[in-house]
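Below is target.tsv, holding TSV, C-alpha atoms.
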```tsv
chain	number	residue	atom	x	y	z
M	1382	MET	CA	-2.40	44.81	-26.11
M	1383	ALA	CA	-4.94	42.15	-25.33
M	1384	LYS	CA	-7.60	43.30	-22.92
M	1385	GLY	CA	-9.04	40.86	-20.48
M	1386	LEU	CA	-11.31	40.50	-17.50
M	1387	LEU	CA	-12.52	37.85	-15.11
M	1388	GLY	CA	-16.19	37.21	-14.54
M	1389	ARG	CA	-19.04	34.89	-13.72
M	1390	LYS	CA	-21.49	33.30	-16.11
M	1391	VAL	CA	-24.98	34.48	-15.16
M	1392	GLY	CA	-27.04	32.57	-17.72
M	1393	MET	CA	-28.57	32.82	-21.14
M	1394	THR	CA	-31.46	34.83	-22.51
M	1395	GLN	CA	-32.54	36.69	-25.63
M	1396	VAL	CA	-32.42	40.38	-26.51
M	1397	PHE	CA	-33.64	42.39	-29.50
M	1398	ASP	CA	-31.66	45.05	-31.33
M	1399	GLU	CA	-33.22	48.18	-32.86
M	1400	SER	CA	-33.98	46.44	-36.13
M	1401	GLY	CA	-35.92	43.75	-34.32
M	1402	ARG	CA	-33.40	40.96	-34.71
M	1403	ALA	CA	-33.31	38.60	-31.75
M	1404	TYR	CA	-29.92	37.57	-30.37
M	1405	PRO	CA	-29.35	34.61	-28.11
M	1406	VAL	CA	-26.95	35.94	-25.51
M	1407	THR	CA	-24.95	34.75	-22.55
M	1408	VAL	CA	-24.85	37.26	-19.73
M	1409	ILE	CA	-21.48	37.53	-17.99
M	1410	GLU	CA	-21.00	39.50	-14.82
M	1411	ALA	CA	-17.58	40.82	-15.83
M	1412	GLY	CA	-15.54	42.55	-13.17
M	1413	PRO	CA	-14.90	44.59	-11.21
M	1414	CYS	CA	-11.46	43.03	-10.95
M	1415	HIS	CA	-8.58	44.21	-8.80
M	1416	VAL	CA	-5.08	44.21	-10.18
M	1417	LEU	CA	-3.18	42.08	-7.69
M	1418	GLN	CA	0.23	41.99	-9.36
M	1419	VAL	CA	1.94	43.28	-12.46
M	1420	ARG	CA	4.45	40.99	-14.13
M	1421	THR	CA	7.22	42.77	-15.95
M	1422	GLN	CA	9.81	41.70	-18.48
M	1423	ASP	CA	12.66	42.73	-16.18
M	1424	ARG	CA	11.54	40.93	-13.08
M	1425	ASP	CA	9.50	37.99	-14.34
M	1426	GLY	CA	10.60	37.51	-17.92
M	1427	TYR	CA	7.13	38.16	-19.34
M	1428	GLU	CA	4.44	40.79	-19.21
M	1429	ALA	CA	1.08	40.14	-17.62
M	1430	VAL	CA	-1.31	41.37	-14.99
M	1431	GLN	CA	-2.73	39.25	-12.25
M	1432	LEU	CA	-6.42	39.95	-11.70
M	1433	GLY	CA	-8.68	38.93	-8.85
M	1434	PHE	CA	-12.46	38.63	-9.06
M	1435	ALA	CA	-15.17	38.05	-6.43
M	1436	ASP	CA	-14.43	38.51	-2.75
M	1437	LYS	CA	-13.72	35.50	-0.61
M	1438	PRO	CA	-14.92	35.66	3.00
M	1439	ARG	CA	-11.96	36.33	5.26
M	1440	ARG	CA	-12.76	33.29	7.40
M	1441	LEU	CA	-12.25	31.06	4.36
M	1442	ALA	CA	-9.10	32.76	3.14
M	1443	ARG	CA	-5.77	31.43	4.30
M	1444	ARG	CA	-3.31	33.84	5.79
M	1445	SER	CA	-1.21	33.56	2.65
M	1446	GLU	CA	-4.22	34.57	0.57
M	1447	ARG	CA	-4.86	37.56	2.77
M	1448	GLY	CA	-1.20	38.45	2.68
M	1449	HIS	CA	-1.30	38.32	-1.11
M	1450	VAL	CA	-3.79	41.17	-1.34
M	1451	ALA	CA	-2.88	43.28	1.68
M	1452	THR	CA	0.05	43.95	3.93
M	1453	LEU	CA	0.00	41.81	7.06
M	1454	GLU	CA	1.91	42.51	10.22
M	1455	SER	CA	4.21	39.71	11.19
M	1456	LYS	CA	7.51	39.19	12.95
M	1457	ARG	CA	9.12	38.54	9.61
M	1458	SER	CA	7.68	41.62	7.96
M	1459	LYS	CA	8.88	43.74	10.86
M	1460	LYS	CA	12.30	42.20	10.62
M	1461	LEU	CA	12.50	42.81	6.91
M	1462	LYS	CA	11.32	46.37	7.38
M	1463	ALA	CA	13.97	46.94	10.02
M	1464	ALA	CA	16.55	45.59	7.61
M	1465	GLY	CA	15.34	48.09	5.02
M	1466	VAL	CA	13.89	45.55	2.55
M	1467	GLU	CA	10.98	47.03	0.67
M	1468	SER	CA	7.92	44.81	0.50
M	1469	PRO	CA	6.12	44.54	-2.85
M	1470	ALA	CA	3.08	46.69	-3.50
M	1471	LYS	CA	-0.24	45.21	-2.40
M	1472	ALA	CA	-3.71	45.78	-3.80
M	1473	ASN	CA	-5.28	46.47	-0.39
M	1474	CYS	CA	-8.55	44.68	-1.15
M	1475	GLU	CA	-10.47	41.70	0.17
M	1476	PRO	CA	-9.07	38.21	-0.58
M	1477	LYS	CA	-10.24	37.01	-3.99
M	1478	ARG	CA	-11.95	33.77	-5.01
M	1479	PHE	CA	-10.78	33.71	-8.59
M	1480	ILE	CA	-7.26	34.83	-9.50
M	1481	ARG	CA	-5.81	34.55	-13.00
M	1482	GLU	CA	-3.12	36.23	-15.04
M	1483	ILE	CA	-3.83	37.89	-18.37
M	1484	ARG	CA	-0.77	37.87	-20.60
M	1485	GLY	CA	0.46	41.07	-22.10
M	1486	MET	CA	-2.07	43.48	-20.62
M	1487	VAL	CA	0.01	46.11	-18.92
M	1488	ASP	CA	-0.56	49.57	-20.34
M	1489	GLY	CA	-0.44	51.77	-17.30
M	1490	LEU	CA	-2.16	49.36	-14.94
M	1491	GLU	CA	-1.03	49.53	-11.35
M	1492	VAL	CA	-1.42	47.19	-8.44
M	1493	GLY	CA	-4.65	47.94	-6.56
M	1494	GLN	CA	-6.39	49.45	-9.54
M	1495	GLU	CA	-9.98	48.34	-10.10
M	1496	ILE	CA	-10.97	47.55	-13.67
M	1497	THR	CA	-14.54	47.22	-14.85
M	1498	VAL	CA	-16.33	45.98	-17.92
M	1499	GLY	CA	-15.86	49.44	-19.45
M	1500	LEU	CA	-12.45	48.13	-20.51
M	1501	LEU	CA	-14.19	46.06	-23.18
M	1502	ALA	CA	-16.45	48.87	-24.39
M	1503	GLU	CA	-14.67	49.16	-27.74
M	1504	VAL	CA	-14.06	45.45	-28.21
M	1505	LYS	CA	-16.02	43.72	-30.99
M	1506	SER	CA	-15.15	40.12	-30.29
M	1507	VAL	CA	-13.84	38.11	-27.35
M	1508	ASP	CA	-12.45	34.72	-26.41
M	1509	VAL	CA	-14.08	33.14	-23.37
M	1510	THR	CA	-12.24	30.54	-21.31
M	1511	ALA	CA	-13.88	28.42	-18.65
M	1512	THR	CA	-14.09	24.93	-17.19
M	1513	SER	CA	-16.65	22.97	-19.18
M	1514	LYS	CA	-19.46	20.99	-17.59
M	1515	GLY	CA	-18.26	17.53	-16.61
M	1516	SER	CA	-19.98	14.62	-18.32
M	1517	GLY	CA	-18.06	11.88	-16.50
M	1518	PHE	CA	-16.92	8.73	-18.27
M	1519	THR	CA	-18.45	9.01	-21.71
M	1520	GLY	CA	-18.76	6.78	-24.75
M	1521	VAL	CA	-17.28	7.60	-28.14
M	1522	MET	CA	-20.55	8.72	-29.75
M	1523	LYS	CA	-20.96	11.59	-27.33
M	1524	ARG	CA	-17.27	12.29	-26.79
M	1525	TRP	CA	-15.93	12.10	-30.33
M	1526	ASN	CA	-19.10	12.16	-32.46
M	1527	PHE	CA	-18.56	8.61	-33.72
M	1528	GLY	CA	-21.44	7.14	-35.67
M	1529	GLY	CA	-21.84	3.95	-33.71
M	1530	LEU	CA	-22.52	0.59	-35.29
M	1531	CYS	CA	-25.54	-0.82	-37.09
M	1532	ALA	CA	-28.94	-0.98	-35.48
M	1533	ALA	CA	-29.60	-4.22	-37.36
M	1534	HIS	CA	-27.62	-6.51	-39.68
M	1535	GLY	CA	-26.79	-8.80	-36.79
M	1536	ALA	CA	-25.30	-6.17	-34.51
M	1537	LYS	CA	-25.98	-7.08	-30.90
M	1538	LYS	CA	-25.13	-5.08	-27.78
M	1539	VAL	CA	-22.62	-2.99	-29.74
M	1540	HIS	CA	-24.85	-0.27	-31.20
M	1541	ARG	CA	-22.93	2.55	-29.52
M	1542	SER	CA	-19.54	0.87	-29.66
M	1543	LEU	CA	-16.44	2.36	-31.29
M	1544	GLY	CA	-15.74	-0.67	-33.49
M	1545	GLY	CA	-12.20	-1.78	-34.14
M	1546	THR	CA	-9.18	-0.15	-32.52
M	1547	GLY	CA	-6.55	-1.41	-34.94
M	1548	GLY	CA	-5.02	-4.69	-36.09
M	1549	LYS	CA	-1.62	-6.11	-36.88
M	1550	ALA	CA	-0.86	-3.56	-39.55
M	1551	THR	CA	-1.79	-0.32	-37.73
M	1552	ASP	CA	0.87	1.70	-35.98
M	1553	ARG	CA	3.62	0.52	-38.33
M	1554	GLY	CA	2.97	-3.13	-37.74
M	1555	GLY	CA	3.11	-2.75	-33.99
M	1556	GLY	CA	0.04	-4.85	-33.49
M	1557	ARG	CA	-1.48	-2.33	-31.11
M	1558	PRO	CA	-3.77	0.73	-31.39
M	1559	LYS	CA	-2.22	3.96	-32.60
M	1560	LYS	CA	-1.21	6.55	-30.06
M	1561	GLY	CA	-4.06	8.99	-29.48
M	1562	LYS	CA	-6.78	6.58	-30.67
M	1563	LYS	CA	-10.13	8.13	-29.79
M	1564	MET	CA	-11.74	6.02	-27.11
M	1565	PRO	CA	-14.29	6.35	-24.28
M	1566	GLY	CA	-13.20	8.29	-21.22
M	1567	GLN	CA	-13.62	11.41	-19.13
M	1568	TYR	CA	-15.43	14.12	-21.05
M	1569	GLY	CA	-15.85	17.72	-19.93
M	1570	ASN	CA	-14.61	19.33	-16.74
M	1571	GLU	CA	-11.62	20.68	-18.61
M	1572	ARG	CA	-10.43	24.10	-19.63
M	1573	VAL	CA	-12.19	25.13	-22.83
M	1574	THR	CA	-11.79	28.32	-24.82
M	1575	THR	CA	-14.51	29.42	-27.20
M	1576	ARG	CA	-12.94	31.86	-29.60
M	1577	ASN	CA	-14.20	34.89	-31.47
M	1578	ILE	CA	-17.55	35.39	-29.74
M	1579	LYS	CA	-19.24	38.64	-30.74
M	1580	VAL	CA	-19.97	41.17	-28.05
M	1581	VAL	CA	-23.62	42.16	-28.25
M	1582	ARG	CA	-23.70	44.74	-25.49
M	1583	VAL	CA	-21.57	46.17	-22.72
M	1584	ASP	CA	-23.64	47.34	-19.76
M	1585	GLU	CA	-21.23	49.47	-17.76
M	1586	GLU	CA	-23.85	50.55	-15.26
M	1587	ASN	CA	-24.52	47.01	-14.04
M	1588	GLY	CA	-21.12	45.57	-14.92
M	1589	LEU	CA	-22.60	43.10	-17.39
M	1590	LEU	CA	-21.26	41.81	-20.69
M	1591	LEU	CA	-23.60	40.23	-23.24
M	1592	VAL	CA	-21.98	37.92	-25.75
M	1593	HIS	CA	-23.58	36.19	-28.70
M	1594	GLY	CA	-24.33	32.51	-28.16
M	1595	ALA	CA	-23.04	30.00	-25.67
M	1596	VAL	CA	-20.05	30.04	-23.35
M	1597	PRO	CA	-18.39	26.99	-21.76
M	1598	GLY	CA	-19.25	25.95	-18.22
M	1599	PRO	CA	-22.26	25.99	-15.92
M	1600	THR	CA	-24.27	29.01	-14.85
M	1601	GLY	CA	-22.42	30.55	-11.94
M	1602	GLY	CA	-19.07	29.32	-13.24
M	1603	MET	CA	-16.03	31.55	-13.39
M	1604	VAL	CA	-14.89	32.70	-16.81
M	1605	ILE	CA	-11.94	34.54	-18.31
M	1606	VAL	CA	-12.91	37.01	-21.04
M	1607	ARG	CA	-10.18	38.25	-23.37
M	1608	GLU	CA	-10.17	40.38	-26.48
M	1609	THR	CA	-9.78	38.01	-29.38
M	1610	ASN	CA	-6.91	38.04	-31.85
M	1611	LYS	CA	-8.85	35.90	-34.29
M	1612	TYR	CA	-10.99	37.94	-36.63
X	412	MET	CA	-28.85	36.74	-7.87
X	413	SER	CA	-28.44	35.27	-11.33
X	414	GLN	CA	-32.15	35.53	-12.00
X	415	LYS	CA	-32.17	39.15	-10.91
X	416	LEU	CA	-29.35	40.01	-13.28
X	417	LEU	CA	-31.05	38.18	-16.14
X	418	ALA	CA	-34.28	40.04	-15.44
X	419	LEU	CA	-32.29	43.26	-15.55
X	420	VAL	CA	-30.92	42.38	-18.97
X	421	GLU	CA	-34.31	41.38	-20.29
X	422	GLN	CA	-35.86	44.59	-19.02
X	423	SER	CA	-34.19	46.49	-21.85
X	424	SER	CA	-35.73	44.25	-24.48
X	425	LEU	CA	-39.25	44.10	-23.09
X	426	ARG	CA	-41.76	46.39	-24.75
X	427	GLU	CA	-43.69	48.84	-22.64
X	428	ASP	CA	-46.97	48.45	-24.53
X	429	VAL	CA	-47.38	44.70	-24.32
X	430	PRO	CA	-50.29	43.73	-26.59
X	431	GLN	CA	-53.20	42.45	-24.53
X	432	PHE	CA	-55.06	39.46	-25.92
X	433	ASN	CA	-56.03	35.96	-24.91
X	434	VAL	CA	-55.87	32.51	-26.38
X	435	GLY	CA	-58.97	32.07	-28.55
X	436	ASP	CA	-59.01	35.68	-29.75
X	437	THR	CA	-59.11	36.50	-33.43
X	438	VAL	CA	-56.40	39.09	-33.97
X	439	ASP	CA	-54.77	41.25	-36.63
X	440	VAL	CA	-51.00	41.14	-36.14
X	441	HIS	CA	-49.34	44.18	-37.70
X	442	THR	CA	-45.72	43.40	-38.54
X	443	ARG	CA	-43.17	45.87	-39.83
X	444	ILE	CA	-41.50	44.66	-42.98
X	445	LEU	CA	-38.43	46.25	-44.52
X	446	GLU	CA	-38.45	46.28	-48.29
X	447	GLY	CA	-35.24	47.81	-49.56
X	448	ASP	CA	-35.16	50.92	-47.42
X	449	LYS	CA	-38.91	51.30	-47.21
X	450	GLU	CA	-40.94	50.07	-44.31
X	451	ARG	CA	-44.44	48.80	-44.67
X	452	ILE	CA	-46.95	47.04	-42.46
X	453	GLN	CA	-48.14	43.54	-43.17
X	454	ILE	CA	-51.19	42.20	-41.43
X	455	PHE	CA	-51.67	38.57	-40.47
X	456	THR	CA	-55.16	37.73	-39.30
X	457	GLY	CA	-56.03	34.59	-37.42
X	458	THR	CA	-56.88	32.88	-34.16
X	459	VAL	CA	-54.38	32.85	-31.28
X	460	ILE	CA	-54.00	29.18	-30.48
X	461	ALA	CA	-51.11	29.30	-28.02
X	462	LYS	CA	-48.93	31.53	-25.88
X	463	SER	CA	-45.60	30.27	-24.64
X	464	GLY	CA	-42.46	31.37	-22.89
X	465	SER	CA	-41.75	34.17	-20.47
X	466	GLY	CA	-39.69	37.35	-20.42
X	467	THR	CA	-38.19	38.34	-23.74
X	468	ARG	CA	-38.69	34.81	-25.02
X	469	ALA	CA	-42.50	34.99	-24.89
X	470	MET	CA	-44.10	33.88	-28.17
X	471	PHE	CA	-47.64	33.51	-29.48
X	472	THR	CA	-48.99	31.37	-32.28
X	473	VAL	CA	-51.64	32.57	-34.73
X	474	ARG	CA	-53.48	30.15	-36.98
X	475	ARG	CA	-55.56	30.88	-40.03
X	476	ILE	CA	-56.84	29.01	-43.06
X	477	VAL	CA	-55.41	30.19	-46.38
X	478	ALA	CA	-56.88	28.63	-49.54
X	479	GLY	CA	-58.02	25.58	-47.63
X	480	GLU	CA	-54.60	25.08	-46.06
X	481	GLY	CA	-53.91	25.76	-42.39
X	482	VAL	CA	-51.15	28.33	-41.83
X	483	GLU	CA	-49.57	29.01	-38.47
X	484	ARG	CA	-47.21	31.82	-37.64
X	485	LYS	CA	-45.34	32.17	-34.40
X	486	PHE	CA	-44.43	35.70	-33.29
X	487	PRO	CA	-42.11	36.93	-30.53
X	488	LEU	CA	-44.40	38.97	-28.28
X	489	HIS	CA	-41.73	41.57	-27.49
X	490	SER	CA	-40.24	41.92	-30.94
X	491	PRO	CA	-39.99	45.53	-32.13
X	492	LYS	CA	-41.17	44.23	-35.50
X	493	ILE	CA	-44.65	43.71	-34.12
X	494	ALA	CA	-46.27	47.13	-34.59
X	495	LYS	CA	-49.50	46.21	-32.84
X	496	VAL	CA	-51.92	43.40	-32.22
X	497	GLU	CA	-55.58	44.24	-32.71
X	498	VAL	CA	-58.23	42.04	-31.12
X	499	LYS	CA	-61.12	41.59	-33.53
X	500	ARG	CA	-63.16	39.02	-31.70
X	501	SER	CA	-62.85	37.00	-28.49
X	502	GLY	CA	-63.70	33.34	-28.43
X	503	VAL	CA	-64.84	31.21	-25.51
X	504	VAL	CA	-62.14	28.67	-24.78
X	505	ARG	CA	-61.50	26.31	-21.87
X	506	ARG	CA	-57.88	25.44	-22.44
X	507	ALA	CA	-54.54	27.22	-22.90
X	508	LYS	CA	-53.48	25.52	-26.13
X	509	LEU	CA	-56.00	25.15	-28.92
X	510	TYR	CA	-54.08	22.50	-30.84
X	511	PHE	CA	-57.33	20.59	-31.38
X	512	LEU	CA	-58.20	23.21	-34.00
X	513	ARG	CA	-55.55	21.69	-36.24
X	514	ASP	CA	-57.67	18.61	-36.69
X	515	ARG	CA	-60.76	20.58	-37.59
X	516	VAL	CA	-61.83	21.84	-40.97
X	517	GLY	CA	-64.54	24.13	-42.26
X	518	LYS	CA	-67.21	25.39	-39.92
X	519	ALA	CA	-65.88	23.39	-36.97
X	520	VAL	CA	-62.91	25.79	-36.72
X	521	ARG	CA	-65.14	28.55	-35.43
X	522	LEU	CA	-65.13	29.37	-31.73
X	523	ARG	CA	-68.17	30.58	-29.80
X	524	GLU	CA	-67.91	34.33	-29.32
X	525	LYS	CA	-67.38	35.67	-25.85
X	526	ARG	CA	-70.23	37.94	-24.80
X	527	ASP	CA	-70.29	40.41	-21.93
X	528	ASN	CA	-72.72	39.52	-19.21
X	529	ALA	CA	-73.87	43.08	-18.91
X	530	PRO	CA	-77.12	43.59	-20.80
X	531	GLN	CA	-76.81	45.65	-23.92
X	532	ALA	CA	-78.26	49.09	-23.42
```

Please express what this file holds, its structure, as structure tokens.
Amino acid sequence: MAKGLLGRKVGMTQVFDESGRAYPVTVIEAGPCHVLQVRTQDRDGYEAVQLGFADKPRRLARRSERGHVATLESKRSKKLKAAGVESPAKANCEPKRFIREIRGMVDGLEVGQEITVGLLAEVKSVDVTATSKGSGFTGVMKRWNFGGLCAAHGAKKVHRSLGGTGGKATDRGGGRPKKGKKMPGQYGNERVTTRNIKVVRVDEENGLLLVHGAVPGPTGGMVIVRETNKY
Amino acid sequence: MSQKLLALVEQSSLREDVPQFNVGDTVDVHTRILEGDKERIQIFTGTVIAKSGSGTRAMFTVRRIVAGEGVERKFPLHSPKIAKVEVKRSGVVRRAKLYFLRDRVGKAVRLREKRDNAPQA
């Protein structure tokens, strides 16, 4: 069963191990997460747990968000209760800022349970998913690692250009660029998963996870950490 | 908040006995070297020409002349591989980075020795 947690990227630093080797690490404040819902094969058609991380101030949370994590009194709820309809279990916690489902992580987890970084204590390697830093509208050299055109040999104003996009014969004689031709455009600010990142340390006392190397997204960004299936 | 958490993480990697020396000092850097399964100490002697970085990333640069060729080694200050740093001599310097020493050869490399103001008894 894949283990997973939600967290926040704290930043990068460097730590030494006993042998004196220095590791560049990203510090992730992983958990504590509340289990908000459990998806089951019978009811939902798949297995997953819905986790919530970081409290949201109640004044910013909509009533629906508050109702998602705790039982609210309303005319409708009273009516349903009177009719004998059982309301689903609630986590009874503060509204959450960051809510995501982790597929296939059910073993014995119940709604309302709090999970901490200790869950990953035995895990060697993780996948980290986050929204990457947005670079805006970007040229092909940065976005697709194109080489650009000549600095000399008569090239003018096209040093960072992509060159040709196709002629009469490309795309089966269609006379237009192939589908999926790499061109300038929006780069970053998309969901990125970096796979198989080694776990350097799990600090259960402070709820911190140290992983080797970089992680997508800005400092302070929300991340999803899952046990990897790619060794 | 982020900075506090980072400091917390770095705390574990900082050494308690931080070697005390200044830029301009002539030092012996004792490094632990693993040969097979045996550990031995190697000493690198030279002048500290720069200190950089903070926290666990703090580094210092030591320069010496070996067979007429300048050699510089950069050490992580908090690395467990640094056994100790012994100050042999303290030089009088007026700047933080002594990169000007790279352009000097022979006798000009020497720094004036720092002397205590207290009269020698």

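Counting from atom CA of M:Glu1495, the distance to atom CA of M:Leu1386 is 10.9 Å.
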
Requested in this report: Please return, as a list of chain:residue names, all residues of chain M lying within 9 Å of chain X when all atoms listed in the file are considered.
Outcome: M:Lys1390, M:Val1391, M:Gly1392, M:Met1393, M:Thr1394, M:Gln1395, M:Val1396, M:Phe1397, M:Asp1398, M:Glu1399, M:Ser1400, M:Gly1401, M:Arg1402, M:Ala1403, M:Val1408, M:Glu1410, M:Asp1584, M:Asn1587, M:Leu1589, M:Leu1591, M:Thr1600, M:Gly1601

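Taking atom CA of X:Thr456 and atom CA of X:Arg505 as endpoints, the distance between them is 21.8 Å.
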
Query raised in the report: For X:Gly517, which of X:Ile454, X:Lys499, X:Glu480, X:Val473 is the closest residue, counting only C-alpha atoms?
Result: X:Glu480

Requested in this report: Could you give me, as a ChimeraX atom specification, the residues within 12 Å of stretch 1483-1494 of chain M, counting all atoms listed in the file and dropping anything in the same chain fewer than 3 positions from it?
Outcome: /M:1382-1387,1413-1422,1426-1433,1449-1451,1469-1475,1480,1497,1500,1510,1605-1608

Produce a file of the selected residues containing C-alpha atoms, as a JSON list (two decimals), in the frame of the given file.
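Wrote it out as out_3.json, contents follow:
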```json
[["chain", "number", "residue", "atom", "x", "y", "z"],
["M", 1382, "MET", "CA", -2.40, 44.81, -26.11],
["M", 1383, "ALA", "CA", -4.94, 42.15, -25.33],
["M", 1384, "LYS", "CA", -7.60, 43.30, -22.92],
["M", 1385, "GLY", "CA", -9.04, 40.86, -20.48],
["M", 1386, "LEU", "CA", -11.31, 40.50, -17.50],
["M", 1387, "LEU", "CA", -12.52, 37.85, -15.11],
["M", 1413, "PRO", "CA", -14.90, 44.59, -11.21],
["M", 1414, "CYS", "CA", -11.46, 43.03, -10.95],
["M", 1415, "HIS", "CA", -8.58, 44.21, -8.80],
["M", 1416, "VAL", "CA", -5.08, 44.21, -10.18],
["M", 1417, "LEU", "CA", -3.18, 42.08, -7.69],
["M", 1418, "GLN", "CA", 0.23, 41.99, -9.36],
["M", 1419, "VAL", "CA", 1.94, 43.28, -12.46],
["M", 1420, "ARG", "CA", 4.45, 40.99, -14.13],
["M", 1421, "THR", "CA", 7.22, 42.77, -15.95],
["M", 1422, "GLN", "CA", 9.81, 41.70, -18.48],
["M", 1426, "GLY", "CA", 10.60, 37.51, -17.92],
["M", 1427, "TYR", "CA", 7.13, 38.16, -19.34],
["M", 1428, "GLU", "CA", 4.44, 40.79, -19.21],
["M", 1429, "ALA", "CA", 1.08, 40.14, -17.62],
["M", 1430, "VAL", "CA", -1.31, 41.37, -14.99],
["M", 1431, "GLN", "CA", -2.73, 39.25, -12.25],
["M", 1432, "LEU", "CA", -6.42, 39.95, -11.70],
["M", 1433, "GLY", "CA", -8.68, 38.93, -8.85],
["M", 1449, "HIS", "CA", -1.30, 38.32, -1.11],
["M", 1450, "VAL", "CA", -3.79, 41.17, -1.34],
["M", 1451, "ALA", "CA", -2.88, 43.28, 1.68],
["M", 1469, "PRO", "CA", 6.12, 44.54, -2.85],
["M", 1470, "ALA", "CA", 3.08, 46.69, -3.50],
["M", 1471, "LYS", "CA", -0.24, 45.21, -2.40],
["M", 1472, "ALA", "CA", -3.71, 45.78, -3.80],
["M", 1473, "ASN", "CA", -5.28, 46.47, -0.39],
["M", 1474, "CYS", "CA", -8.55, 44.68, -1.15],
["M", 1475, "GLU", "CA", -10.47, 41.70, 0.17],
["M", 1480, "ILE", "CA", -7.26, 34.83, -9.50],
["M", 1497, "THR", "CA", -14.54, 47.22, -14.85],
["M", 1500, "LEU", "CA", -12.45, 48.13, -20.51],
["M", 1510, "THR", "CA", -12.24, 30.54, -21.31],
["M", 1605, "ILE", "CA", -11.94, 34.54, -18.31],
["M", 1606, "VAL", "CA", -12.91, 37.01, -21.04],
["M", 1607, "ARG", "CA", -10.18, 38.25, -23.37],
["M", 1608, "GLU", "CA", -10.17, 40.38, -26.48]]
```

Query - Exercise: residues within 9 Å of coordinate (-54.1, 42.0, -24.6), counting all atoms listed in the file, as JSON, numbers by chain - result: {"X": [429, 430, 431, 432, 433, 496, 497, 498]}
